[in-house]
Amino acid sequence: MRSAEIAIIGGGVGGASLLYHLARRGCTDVVLLEKNELTSGSTWHAAGLCTQFNASLNLMELLRRSIELYASLEAETGQAVDLHRCGSLRLACSEARLDEYRHRQGTAQSLGIPFEILGPERVRELWPLLDGEGLLGAAYLPTDGYIDPSSVTRALVRGATARGATVLRHTAVTGLDRGDGVWRIETTQGPLQARVVVNAAGQWAREVGRLVGVEHPIVPLEHHYLITEPLAEVAAHPGELPVLRDVDASYYVRSEGDALLVGPFEKHTCAWGIDGIPDDFHGQLLPGDLGRLEAVLEHTARRIPAFGTAGIRTVLNGPDGYTPDGRCLMGPVPGLPDYHVLAGFSIFGIVFSGGAGGYAAEWILDGQPSDNMWELDVRRFDAAQSATAFVSARALELYGDEYAIHYPEEETPAGRPLKTGPLYDRLAERGAVYGMRFGWERPLWFARDGEPARDRYSFRRGNWHDAVGAECRAVRSAVGVLDQTSFGKYEVSGPGAAALLDRLCANHLPQRDGQIVLTPLCTPRGGIECDLTVTRLAADRFYLVSAAATELHDYAWIERHLPGDGSVRLENVTARYGVLTLAGPRSRELLQALTDSDCGREAFGFFRCRDLALGTAPVRALRVSYVGELGYELHHPVEFQRTLYDALQEAGAPLGLVDWGYRALDSMRLEKAYRLWGADLSADWTPLEAGLERFVDFDKGDFLGRDALVAQRERGVERRLACLAVDADDADCHGSEPIRAGDELVGYVAAGGYGHVVEESIALAYLPVDYATPGTTLRVQILGDRRPARVVDTPLYDPKNERLLA
């Protein structure tokens, strides 16, 4: 039987990029299996656009890596890739759009990517075919462009096979089975085995996933583009026109020789292949439907008059696999050892694949990518979010809004609600405005005094600003209740439970029943893979609580390290328990009003857990607080939640009890400089860099990442998380804003917002240690303005923790 160390399923640009990067790392015992010819899925009909414009700093870096790789491939491999670095323009016809560009420009500057905001006259110089009516300016990325998709794929494959990698064409995978630590792969050309399997099958990734019993959240959507007859206006233009995106009208345009290639994002495209993609659908297109594109094409003709009189030479309609958020799936799949996925690039597979293949290779060979790829991590979706109806609804909405302004706090409605707690309708009646995390509906803020219970988005302070401020002040002055049922919750039990957790946790374990510890779980490199609380229920039973967004991520990390002897049981109990969080100086009074148990400071101290009867509801109460106030997490069987909430409301009314939401939570946690995984914590940073040394116990036995942390402690950290107070005017930091000392770029914002009680705009950022000293003055670029900032002692609120420990 044929064998390989790694088998990649799928011969599109994504699979080819992974093959190339593995081979470049010296892993040549790798085979790529393609059921037809290379690029015969979605790659061959792609428009090949290559842009670095993105809302995410890490993904912008990935895109830069892609384009830099493509620029070097021809010289390395001898295979022409037809890369055109003609630049790109995104038009702006509103101040809100210019704010978007100013924000993205800051992200680009943090990475050193050229990004200019041009006025209308300069835009017309670069694109003289434009009608400039209503134009305010444009974002210009001079190192963007486009490439030939088939050529770049062939170059990647040539670079891989020259190093010893293997490609098997016309080899369809028909079965996958794991045994004795290897995957047996059944194909139309006979069986083979591999230690690692990577599903890079593009729009067929769902079907390949089903071979191993997993439903990947990918559905194919139709996407058109058309090519005009040659135009004299294009031929007469010296040089090459930049790629143009008229984002308000929702289309892109690039040169195709002397013609124009125009790709619309109409509001109502169609999903395709929902019930399965035909086996023989290779190198084929779908029937065109110009009627569906009519409104977008009319806008195109008004903006580019020459297009309105041009003949149409070609209409292409091809399917591309979309995920619920439009970002690809990458990384190891929980519950399936050595099974990875790299698929679902939407229509952006060409520009994403170069960088994504490199990070995917690192994940396979090193156990983690060199930069935080959480935004692409396959574990960001669970089974509920992989249901075809949900994926289709989200993907179709996303496609139609591809060029809409995407705001930092944006919440989109498609496919919702998906997961709701028992209080969903009750809180909505009380004015809750909901957001979704990991499929859960969670109250973001509460509308007051008859104001509309909906978000009005902006890159400046949103319409919820005053309401959130009122919630913060009410919690800090009295008491509030927040529904946090969406927390990830796990039970770890069995004779080996303590040993497993002691190995994973950087902090020591709680030593007595009812004790709680906060601890990072580190990678071998010392980066923070998870951040959670561990409560000891018994010597062999522990209760772990993590964030909603990382429910599957954290579960999978623990599962990955379970011993093979069955001595540890790991159970995800997220849906079993509801959580109502009390916070504020009167929270103890409220708790005590509902129980005969002593809730005094001595009887129920900080970082302690007690089982209580609150009215008629059984509650596991955890004395912890993420806002720096006296507070409790009330974990309870979910069926008691409405009863418990009503009891709290009745007893809390005389105490000034208020409902509050996650935006107030974020504001108050910034006032305390509390960390948040996925924002200012990640595997990119260690606990020492994050200022969390107190949660690392170097004196206990060995734990995962200890050697790396000891070495870092001995040599000293180069960067440290600092808190900045920013003179921010009407716009606060959201993340990725560049930070300068004079004209020197010294870092970027990891997380930011407004502290309503301390009345400061706050930013958290990893800075060189020489700049992280309190009192250091810096400047933070917000929407194009370099705002004064100073590094401050933390926390800004209650620095002695007197309120937290009351």
# chains A, B, ... in the order shown; residues from 1 in each chain; ligands from 1
>>> closest_atom_pairs(of="region 334-382 of chain A", to="region 436-456 of chain A", cutoff="10 Å", atoms="only C-alpha atoms", output="Markdown table")
| residue | atom | partner | partner_atom | distance |
| --- | --- | --- | --- | --- |
| A:Arg379 | CA | A:Phe438 | CA | 9.8 |
| A:Arg380 | CA | A:Phe438 | CA | 6.9 |
| A:Phe381 | CA | A:Phe438 | CA | 6.5 |
| A:Asp382 | CA | A:Phe438 | CA | 7.5 |
>>> select_by_dssp(residues="region 60-228 of chain A", states="helix (DSSP H, G or I)", output="PyMOL selection string")
chain A and resi 60-77+95-111+120-126+149-161+202-210
>>> closest_residue(among="A:Ala548, A:Ile147, A:Val197, A:Val173", to="Ser255 (chain A)", atoms="only C-alpha atoms")
A:Ile147
>>> atom_distance(atom1="CA of Val468 (chain A)", atom2="CA of Glu671 (chain A)")
13.9 Å
>>> select_by_dssp(residues="region 557-728 of chain A", states="strand (DSSP E)", output="ChimeraX atom specification")
/A:569-572,577-583,609-614,617-622,631-637,657-659,719-726
>>> closest_residue(among="A:Leu316, A:Ala711, A:Ala356, A:Ile113", to="Arg64 (chain A)", atoms="only C-alpha atoms")
A:Ile113
>>> decode(residues="region 225-236 of chain A", atoms="all heavy atoms", output="PDB file, in the first residue's frame")
ATOM      1  N   TYR A 225     -18.945  37.064 -13.031  1.00  0.00           N
ATOM      2  CA  TYR A 225     -18.263  38.242 -13.544  1.00  0.00           C
ATOM      3  C   TYR A 225     -18.356  38.193 -15.062  1.00  0.00           C
ATOM      4  O   TYR A 225     -18.624  37.144 -15.653  1.00  0.00           O
ATOM      5  CB  TYR A 225     -16.819  38.373 -13.049  1.00  0.00           C
ATOM      6  CG  TYR A 225     -15.832  37.325 -13.481  1.00  0.00           C
ATOM      7  CD1 TYR A 225     -15.228  37.355 -14.748  1.00  0.00           C
ATOM      8  CD2 TYR A 225     -15.451  36.313 -12.600  1.00  0.00           C
ATOM      9  CE1 TYR A 225     -14.300  36.404 -15.120  1.00  0.00           C
ATOM     10  CE2 TYR A 225     -14.510  35.362 -12.979  1.00  0.00           C
ATOM     11  CZ  TYR A 225     -13.936  35.411 -14.232  1.00  0.00           C
ATOM     12  OH  TYR A 225     -13.009  34.482 -14.612  1.00  0.00           O
ATOM     13  N   LEU A 226     -18.186  39.349 -15.666  1.00  0.00           N
ATOM     14  CA  LEU A 226     -18.302  39.412 -17.118  1.00  0.00           C
ATOM     15  C   LEU A 226     -17.136  40.211 -17.687  1.00  0.00           C
ATOM     16  O   LEU A 226     -16.527  41.041 -17.007  1.00  0.00           O
ATOM     17  CB  LEU A 226     -19.642  40.000 -17.533  1.00  0.00           C
ATOM     18  CG  LEU A 226     -20.080  41.313 -16.869  1.00  0.00           C
ATOM     19  CD1 LEU A 226     -19.590  42.509 -17.644  1.00  0.00           C
ATOM     20  CD2 LEU A 226     -21.596  41.336 -16.729  1.00  0.00           C
ATOM     21  N   ILE A 227     -16.827  39.936 -18.939  1.00  0.00           N
ATOM     22  CA  ILE A 227     -15.719  40.578 -19.630  1.00  0.00           C
ATOM     23  C   ILE A 227     -16.264  41.265 -20.873  1.00  0.00           C
ATOM     24  O   ILE A 227     -17.004  40.657 -21.657  1.00  0.00           O
ATOM     25  CB  ILE A 227     -14.629  39.561 -20.011  1.00  0.00           C
ATOM     26  CG1 ILE A 227     -14.107  38.856 -18.756  1.00  0.00           C
ATOM     27  CG2 ILE A 227     -13.482  40.251 -20.745  1.00  0.00           C
ATOM     28  CD1 ILE A 227     -13.174  37.693 -19.059  1.00  0.00           C
ATOM     29  N   THR A 228     -15.913  42.543 -21.039  1.00  0.00           N
ATOM     30  CA  THR A 228     -16.408  43.308 -22.171  1.00  0.00           C
ATOM     31  C   THR A 228     -15.583  43.023 -23.429  1.00  0.00           C
ATOM     32  O   THR A 228     -14.531  42.387 -23.387  1.00  0.00           O
ATOM     33  CB  THR A 228     -16.333  44.815 -21.875  1.00  0.00           C
ATOM     34  OG1 THR A 228     -14.942  45.219 -21.841  1.00  0.00           O
ATOM     35  CG2 THR A 228     -16.989  45.153 -20.546  1.00  0.00           C
ATOM     36  N   GLU A 229     -16.083  43.533 -24.527  1.00  0.00           N
ATOM     37  CA  GLU A 229     -15.254  43.625 -25.731  1.00  0.00           C
ATOM     38  C   GLU A 229     -14.154  44.655 -25.474  1.00  0.00           C
ATOM     39  O   GLU A 229     -14.263  45.477 -24.562  1.00  0.00           O
ATOM     40  CB  GLU A 229     -16.126  44.063 -26.919  1.00  0.00           C
ATOM     41  CG  GLU A 229     -17.232  43.096 -27.284  1.00  0.00           C
ATOM     42  CD  GLU A 229     -16.717  41.816 -27.912  1.00  0.00           C
ATOM     43  OE1 GLU A 229     -15.505  41.764 -28.246  1.00  0.00           O
ATOM     44  OE2 GLU A 229     -17.502  40.868 -28.080  1.00  0.00           O
ATOM     45  N   PRO A 230     -13.076  44.626 -26.234  1.00  0.00           N
ATOM     46  CA  PRO A 230     -12.023  45.639 -26.064  1.00  0.00           C
ATOM     47  C   PRO A 230     -12.584  47.059 -26.169  1.00  0.00           C
ATOM     48  O   PRO A 230     -13.468  47.330 -26.995  1.00  0.00           O
ATOM     49  CB  PRO A 230     -11.051  45.338 -27.206  1.00  0.00           C
ATOM     50  CG  PRO A 230     -11.260  43.879 -27.481  1.00  0.00           C
ATOM     51  CD  PRO A 230     -12.720  43.628 -27.263  1.00  0.00           C
ATOM     52  N   LEU A 231     -12.073  47.942 -25.315  1.00  0.00           N
ATOM     53  CA  LEU A 231     -12.530  49.321 -25.270  1.00  0.00           C
ATOM     54  C   LEU A 231     -11.388  50.254 -25.645  1.00  0.00           C
ATOM     55  O   LEU A 231     -10.268  50.132 -25.118  1.00  0.00           O
ATOM     56  CB  LEU A 231     -13.030  49.678 -23.870  1.00  0.00           C
ATOM     57  CG  LEU A 231     -14.238  48.891 -23.341  1.00  0.00           C
ATOM     58  CD1 LEU A 231     -14.515  49.262 -21.888  1.00  0.00           C
ATOM     59  CD2 LEU A 231     -15.455  49.184 -24.193  1.00  0.00           C
ATOM     60  N   ALA A 232     -11.678  51.206 -26.512  1.00  0.00           N
ATOM     61  CA  ALA A 232     -10.649  52.160 -26.931  1.00  0.00           C
ATOM     62  C   ALA A 232     -10.147  52.961 -25.746  1.00  0.00           C
ATOM     63  O   ALA A 232      -8.962  53.307 -25.668  1.00  0.00           O
ATOM     64  CB  ALA A 232     -11.220  53.083 -28.014  1.00  0.00           C
ATOM     65  N   GLU A 233     -11.027  53.273 -24.780  1.00  0.00           N
ATOM     66  CA  GLU A 233     -10.630  54.062 -23.629  1.00  0.00           C
ATOM     67  C   GLU A 233      -9.612  53.324 -22.769  1.00  0.00           C
ATOM     68  O   GLU A 233      -8.719  53.944 -22.177  1.00  0.00           O
ATOM     69  CB  GLU A 233     -11.857  54.420 -22.787  1.00  0.00           C
ATOM     70  CG  GLU A 233     -12.854  55.338 -23.466  1.00  0.00           C
ATOM     71  CD  GLU A 233     -13.888  54.586 -24.285  1.00  0.00           C
ATOM     72  OE1 GLU A 233     -13.655  53.387 -24.619  1.00  0.00           O
ATOM     73  OE2 GLU A 233     -14.925  55.170 -24.597  1.00  0.00           O
ATOM     74  N   VAL A 234      -9.760  52.008 -22.674  1.00  0.00           N
ATOM     75  CA  VAL A 234      -8.790  51.218 -21.909  1.00  0.00           C
ATOM     76  C   VAL A 234      -7.478  51.125 -22.675  1.00  0.00           C
ATOM     77  O   VAL A 234      -6.387  51.285 -22.113  1.00  0.00           O
ATOM     78  CB  VAL A 234      -9.351  49.815 -21.601  1.00  0.00           C
ATOM     79  CG1 VAL A 234      -8.302  48.972 -20.883  1.00  0.00           C
ATOM     80  CG2 VAL A 234     -10.620  49.910 -20.782  1.00  0.00           C
ATOM     81  N   ALA A 235      -7.572  50.882 -23.961  1.00  0.00           N
ATOM     82  CA  ALA A 235      -6.357  50.768 -24.783  1.00  0.00           C
ATOM     83  C   ALA A 235      -5.557  52.062 -24.781  1.00  0.00           C
ATOM     84  O   ALA A 235      -4.319  52.039 -24.848  1.00  0.00           O
ATOM     85  CB  ALA A 235      -6.738  50.378 -26.213  1.00  0.00           C
ATOM     86  N   ALA A 236      -6.242  53.207 -24.696  1.00  0.00           N
ATOM     87  CA  ALA A 236      -5.564  54.497 -24.759  1.00  0.00           C
ATOM     88  C   ALA A 236      -4.899  54.889 -23.450  1.00  0.00           C
ATOM     89  O   ALA A 236      -4.086  55.817 -23.428  1.00  0.00           O
ATOM     90  CB  ALA A 236      -6.563  55.585 -25.164  1.00  0.00           C
TER      91      ALA A 236
END
